[in-house]
Amino acid sequence: MALLQMQRIYIYALNKDRKQILDFLQGQGVVEVRTMLKEDSIFHKTDFTAKKHEVEINIETAKEALDILNVHLDEKQSLLSMLNGRKEIPFEVYQCFHEEYQSIVNIAKRIIKLEKMIAENKAEILKLQTQIEILKPWLKLDIPLDFKGTKHTSGFIGAFPKPWTLEEIYEKKALYMPLDVEIVSSTKEQTCIFVMCTNENRDKVFEKLRDLDFSLPSISIDKSPAEEYNLLEHGVEEAQTEINNAIEEIKSYDKDREKLLFLTDYDTMRIDKYEAMGNLLQSKNVFILTGFIPKKDGETVKNLLTSKFELAVELTEPKKKDEVPILYKNNGFSEPLEDIVSSYSPPGKGEMDPTMVMSLFYYALFGLMLSDAGYGFVLALICSIGLIKFGKTIKRPLKNTLKMYLYCGIATMFWGVLFSSYFGDIFDVVGQTFFGATKLPVIPPVWFFPVEKPMLMLSFSMLIGVIHLLAGLAMNGYQMAKRKDYKGIIYDVVFWYVLLISCVILLLSLEMVQNILNIYVNLPEFVVDICSILAVVSAVGIILTNGRESKNPFKRILKGLYALYGISGYLSDVLSYSRLLALGLATGVIGSVINQMAAMTAGGPLGPFIFTIIVIFGHALNLAINFLGAYVHTNRLQYVEFFGKFYEGGGKLFKPFGVNTKYYKIKESRNYGDN
Amino acid sequence: MEIINDYGIVLALLGAVLVALVPGMASAKAVSMGGVAGAGIITENPSLFGKVLILQLLPGTQGIYGLLIAFITLSQIGVLGGSGDISFVKGILYLAACMPMIIVGYTSCIRQSKASIASMGVVAKKPDQFGKAMIFPAMVETYAILALLISLLAVNGVGGINI
């Protein structure tokens with residue numbers, strides 16, 4: 001339940017050591033660089049945006065090249081590959097990389113260029129093929145398509161839109177003899193012809209042809225169609241070879257894939273470095289780096305720095321107005337839930353880390369909603385296999401998620417055994433259908449069947465709700481105690497505690513409520529009396545004090561009354577926990593439905609086989625849906641009901657200047673966030 | 001009266017059928033609305049698939065709640081084996097008990113889908129705000145859960161009444 005303490009760090013060093021110092025700090029990964037000093041006439045910030053942009057372009061180029069490689073090499077990225085984690089490489093590789101940097105960038109550029117060539121050639125092939133299609137009807141013609149005639153004759157090459165026979169054409173042209181007509185090709189759509197006539201008849205023949213919808217060919221070439229056809233075919237072949245060559249060349253760059261991946265990592269690190277450098281204050285020979293460092297690392301880093309370089313390091317406590325970055329520190333049980341807290345909002349200024357307290361409830365609530373020992377077992381099993389197999393290589397967020405669901409699965413098993421839910425009622429159904437069991441249930445619940453006693457389950461859910469809410473209120477008190485606001489504790493926490501608890505007791509003493517909930521408690525008369533008095537006193541206390549920030553007494557009372565009205569909010573909050581019952585029942589009942597459906601098919605020789613398939617698929621689906629429901633609604637109960645009582649958030653997570661690589665892990669580098 | 005009592009089971013079954021049908025229909029519509037919006041996001045940023053899928057599925061639960069009530073009703077009125085001896089009044093009571101889930105299941109589902117789609121917009125622009133975005137549609141679901149609760153208790157309770 002804690003956050004790591006932060007310190008301000010100031011490093012004053014010489015410009016000549018700048019690169020080494022930054023490399024060292026990046027490898028350490030413990031300093032978040034922030035500007036804390038103002039620019040003056042000597043010290044200035046330098047703008048590195050242009051350089052950063054250049055590096056960003058290189059990253060994009062490398063990524064594009066990698067995508068192209070993946071397309072041509074059918075590289076399959078399985079879901080499991082994310083579990084493989086990052087390869088470790090020694091620091092020297094990183095240091096020497098700048099020597100081959102440019103050549104790798106050139107390879108990436110070359111790959112992109114080749115891909116562009118492939119696209120261009122593909123377009124070229126398409127174009128050539130269209131021309132070939134147009135040319136095909138004219139292949140039999142052995143003169144150029146743009147043939148206009150000889151000295152004394154005129155020739156027309158063109159097409160009619162319909163099939164024609166030679167006789168029909170001669171019939172139409174009988175007037176203009178001498179005339180030669182040749183049908184080059186004839187299909188349903190068109191008839192391609194070659195007409196030759198004497199020069200004096202030219203215009204008349206052409207006119208007549210026009211009347212018959214004669215049209216000139218859409219391409220004009222000075223070679224015979226067959227020659228042209230060969231040329232085009234050749235062109236297609238050439239383009240195809242070029243494509244093949246380009247693909248081959250791209251494939252040959254597969255050996256550089258690792259280097260391209262490393263290039264993106266290397267440049268990501270460089271971008272981080274430029275960002276840090278943009279925050280430095282520099283004079284001609286000296287630079288100043290300012291930022292935050294966890295207190296426990298402060299001295300170590302200071303000693304390391306002073307032993308290696310010529311510089312001065314200063315560590316001071318953060319100032320009051322500082323927005324100190326947040327770094328969690330929790331034990332293994334609560335740590336997995338840090339991400340859940342962060343996705344609401346990291347703790348704000350002066351707030352405590354709620355992860356520890358939340359973890360006590362989180363797993364329990366999740367388990368109650370899923371509430372099936374079988375499902376819990378499956379969940380825990382999957383997570384433990386993942387953790388054992390990939391625990392060493394995967395990044396911390398993923399590892400935490402697996403851990404979280406492992407604990408959630410264990411909690412689910414716990415509740416499942418209490419309520420005797422094992423894949424719905426699989427033991428009963430299997431026992432009945434296949435073994436003729438008569439004693440039901442086969443495994444009696446340790447506590448009770450929620451389906452049989454829903455009201456008991458509802459009361460239990462609400463009881464958990466009340467405890468959860470009171471814990472939230474207690475956290476509020478704890479925070480006030482830390483701020484030394486002791487009056488606030490009495491006004492905002494103790495009064496509410498008294499009011500809420502006495503109201504619950506009073507409600508339980510009502511016969512109507514007892515009948516609804518089926519809980520019969522015999523409270524002595526004086527307890528009820530005391531509770532009524534306490535409730536009234538605390539209610540009055542709330543009215544008088546909860547509007548205390550207003551000076552005006554009238555306004556203060558009104559605000560107090562409004563605060564007391566907040567008790568209706570508590571009512572709805574408690575009712576909101578009825579989802580524990582609803583979601584828990586949903587899992588169990590749907591599980592039973594699946595089992596019953598499976599049991600219906602269990603007769604016959606193939607029965608057990610079909611039964612197994614239905615059970616496996618049905619329960620997988622049920623688990624998936626209810627897992628989602630449990631996750632969403634556990635988060636909701638934490639965020640809305642629990643956090644609503646004390647937690648605001650608004651902090652910023654600690655983002656150290658470090659090695660944020662994706663594919664490779666550089667040895668001897670540390671980083672908060674993904675050890 | 002005797003003849004009328006024969007129709008008790010009809011009304012009870014009507015309730016069970018409607019409670020599976022109406023919220024199921026609404027869930028199908030709501031999930032498809034989410035799918036249409038989600039598919040658009042995936043074309044831009046395929047890595048958001050997991051988050052968008054969760055948001056899409058959120059309004060799918062009403063159909064399951066409906067199925068749950070339908071199943072409990074069916075087993076209570078003896079359609080799934082047992083005697084189907086339901087008086088007319090009891091039949092009406094079963095039908096009434098299913099009503100919260102039928103109506104709230106339908107309306108909350110469509111509303112939740114709208115909140116889900118809006119949250120998808122949040123996730124598309126700020127993937128790290130998923131935790132908050134998820135809560136908005138989950139707030140709508142509360143009322144479906146409350147309806148489920150009442151339907152559940154009512155169906156269970158009606159079984160114990162001797163009319």
# chains A, B, ... in the order shown; residues from 1 in each chain; ligands from 1

$ residues_around --residues "Thr401 of chain A" --least-positions-apart "6" --cutoff "10 Å" --atoms "only C-alpha atoms" --output "ChimeraX atom specification"
/A:335-340,383

$ write_last_selection --atoms "N, CA and C atoms" --output "mmCIF file, in the first residue's frame"
data_model
loop_
_atom_site.group_PDB
_atom_site.id
_atom_site.type_symbol
_atom_site.label_atom_id
_atom_site.label_comp_id
_atom_site.auth_asym_id
_atom_site.auth_seq_id
_atom_site.Cartn_x
_atom_site.Cartn_y
_atom_site.Cartn_z
ATOM 1 N N GLU A 335 0.374 -6.530 -6.464
ATOM 2 C CA GLU A 335 1.040 -5.904 -7.593
ATOM 3 C C GLU A 335 0.302 -6.068 -8.923
ATOM 4 N N PRO A 336 -0.266 -7.256 -9.212
ATOM 5 C CA PRO A 336 -0.935 -7.418 -10.504
ATOM 6 C C PRO A 336 -2.069 -6.426 -10.722
ATOM 7 N N LEU A 337 -2.604 -5.852 -9.633
ATOM 8 C CA LEU A 337 -3.764 -4.976 -9.800
ATOM 9 C C LEU A 337 -3.366 -3.521 -10.020
ATOM 10 N N GLU A 338 -2.067 -3.246 -10.023
ATOM 11 C CA GLU A 338 -1.641 -1.859 -10.234
ATOM 12 C C GLU A 338 -2.180 -1.317 -11.555
ATOM 13 N N ASP A 339 -2.182 -2.196 -12.569
ATOM 14 C CA ASP A 339 -2.663 -1.742 -13.869
ATOM 15 C C ASP A 339 -4.149 -1.399 -13.828
ATOM 16 N N ILE A 340 -4.896 -2.129 -13.014
ATOM 17 C CA ILE A 340 -6.330 -1.840 -12.894
ATOM 18 C C ILE A 340 -6.506 -0.461 -12.270
ATOM 19 N N CYS A 383 -3.308 -19.784 -16.711
ATOM 20 C CA CYS A 383 -2.390 -18.730 -16.278
ATOM 21 C C CYS A 383 -1.113 -19.314 -15.718
#

$ interface_residues --of "chain A" --to "chain B" --cutoff "7 Å" --atoms "only C-alpha atoms" --output "MDAnalysis selection string"
chainID A and resid 343:344 579 582 586 589:590 636

$ write_last_selection --atoms "C-alpha atoms" --output "JSON list (two decimals), in the first residue's frame"
[["chain", "number", "residue", "atom", "x", "y", "z"],
["A", 343, "SER", "CA", -6.49, 2.41, -15.88],
["A", 344, "TYR", "CA", -8.84, 4.28, -13.54],
["A", 579, "ARG", "CA", -24.96, -8.22, -9.40],
["A", 582, "ALA", "CA", -27.14, -12.27, -10.63],
["A", 586, "ALA", "CA", -26.06, -16.77, -14.53],
["A", 589, "VAL", "CA", -27.61, -21.90, -14.46],
["A", 590, "ILE", "CA", -26.27, -21.58, -18.00],
["A", 636, "ARG", "CA", -17.19, -1.38, -11.99]]

$ atom_distance --atom1 "atom CA of Leu456 of chain A" --atom2 "atom CA of Thr438 of chain A"
27.3 Å

$ residues_around --residues "Thr191 of chain A" --least-positions-apart "3" --cutoff "10 Å" --atoms "only C-alpha atoms" --output "PyMOL selection string"
chain A and resi 137+158-165+183-188+214

$ write_last_selection --atoms "N, CA and C atoms" --output "PDB file, in the first residue's frame"
ATOM      1  N   PRO A 137      -8.450  -9.628 -82.316  1.00  0.00           N
ATOM      2  CA  PRO A 137      -9.266  -9.847 -83.527  1.00  0.00           C
ATOM      3  C   PRO A 137      -8.492  -9.575 -84.823  1.00  0.00           C
ATOM      4  N   GLY A 158     -11.320  -1.666 -90.200  1.00  0.00           N
ATOM      5  CA  GLY A 158     -12.242  -1.304 -89.124  1.00  0.00           C
ATOM      6  C   GLY A 158     -13.190  -2.432 -88.827  1.00  0.00           C
ATOM      7  N   ALA A 159     -14.238  -2.109 -88.054  1.00  0.00           N
ATOM      8  CA  ALA A 159     -15.133  -3.170 -87.605  1.00  0.00           C
ATOM      9  C   ALA A 159     -16.585  -2.734 -87.671  1.00  0.00           C
ATOM     10  N   PHE A 160     -17.463  -3.685 -87.968  1.00  0.00           N
ATOM     11  CA  PHE A 160     -18.902  -3.497 -87.812  1.00  0.00           C
ATOM     12  C   PHE A 160     -19.323  -4.088 -86.493  1.00  0.00           C
ATOM     13  N   PRO A 161     -20.355  -3.513 -85.908  1.00  0.00           N
ATOM     14  CA  PRO A 161     -20.734  -4.011 -84.581  1.00  0.00           C
ATOM     15  C   PRO A 161     -21.443  -5.366 -84.600  1.00  0.00           C
ATOM     16  N   LYS A 162     -21.844  -5.913 -85.693  1.00  0.00           N
ATOM     17  CA  LYS A 162     -22.581  -7.180 -85.687  1.00  0.00           C
ATOM     18  C   LYS A 162     -21.886  -8.191 -86.587  1.00  0.00           C
ATOM     19  N   PRO A 163     -22.266  -9.477 -86.476  1.00  0.00           N
ATOM     20  CA  PRO A 163     -21.675 -10.443 -87.424  1.00  0.00           C
ATOM     21  C   PRO A 163     -22.174 -10.222 -88.859  1.00  0.00           C
ATOM     22  N   TRP A 164     -21.289 -10.207 -89.777  1.00  0.00           N
ATOM     23  CA  TRP A 164     -21.621 -10.031 -91.199  1.00  0.00           C
ATOM     24  C   TRP A 164     -20.977 -11.168 -91.976  1.00  0.00           C
ATOM     25  N   THR A 165     -21.643 -11.531 -93.119  1.00  0.00           N
ATOM     26  CA  THR A 165     -20.963 -12.465 -94.022  1.00  0.00           C
ATOM     27  C   THR A 165     -20.418 -11.670 -95.183  1.00  0.00           C
ATOM     28  N   ILE A 183     -12.728 -10.407 -94.650  1.00  0.00           N
ATOM     29  CA  ILE A 183     -13.139 -10.471 -93.227  1.00  0.00           C
ATOM     30  C   ILE A 183     -11.959 -11.013 -92.436  1.00  0.00           C
ATOM     31  N   VAL A 184     -11.466 -10.191 -91.532  1.00  0.00           N
ATOM     32  CA  VAL A 184     -10.306 -10.610 -90.752  1.00  0.00           C
ATOM     33  C   VAL A 184     -10.740 -11.570 -89.642  1.00  0.00           C
ATOM     34  N   SER A 185     -11.812 -11.176 -88.952  1.00  0.00           N
ATOM     35  CA  SER A 185     -12.363 -12.074 -87.946  1.00  0.00           C
ATOM     36  C   SER A 185     -13.802 -11.686 -87.696  1.00  0.00           C
ATOM     37  N   SER A 186     -14.559 -12.635 -87.229  1.00  0.00           N
ATOM     38  CA  SER A 186     -15.970 -12.339 -87.014  1.00  0.00           C
ATOM     39  C   SER A 186     -16.456 -13.017 -85.745  1.00  0.00           C
ATOM     40  N   THR A 187     -17.027 -12.227 -84.882  1.00  0.00           N
ATOM     41  CA  THR A 187     -17.627 -12.791 -83.666  1.00  0.00           C
ATOM     42  C   THR A 187     -19.037 -12.249 -83.555  1.00  0.00           C
ATOM     43  N   LYS A 188     -19.734 -12.644 -82.454  1.00  0.00           N
ATOM     44  CA  LYS A 188     -21.107 -12.161 -82.270  1.00  0.00           C
ATOM     45  C   LYS A 188     -21.142 -10.647 -82.124  1.00  0.00           C
ATOM     46  N   PHE A 214     -19.606   1.515 -89.324  1.00  0.00           N
ATOM     47  CA  PHE A 214     -18.214   1.109 -89.412  1.00  0.00           C
ATOM     48  C   PHE A 214     -17.377   1.964 -88.460  1.00  0.00           C
TER      49      PHE A 214
END

$ atom_distance --atom1 "atom CA of Asn285 of chain A" --atom2 "atom CA of Ile42 of chain A"
10.5 Å
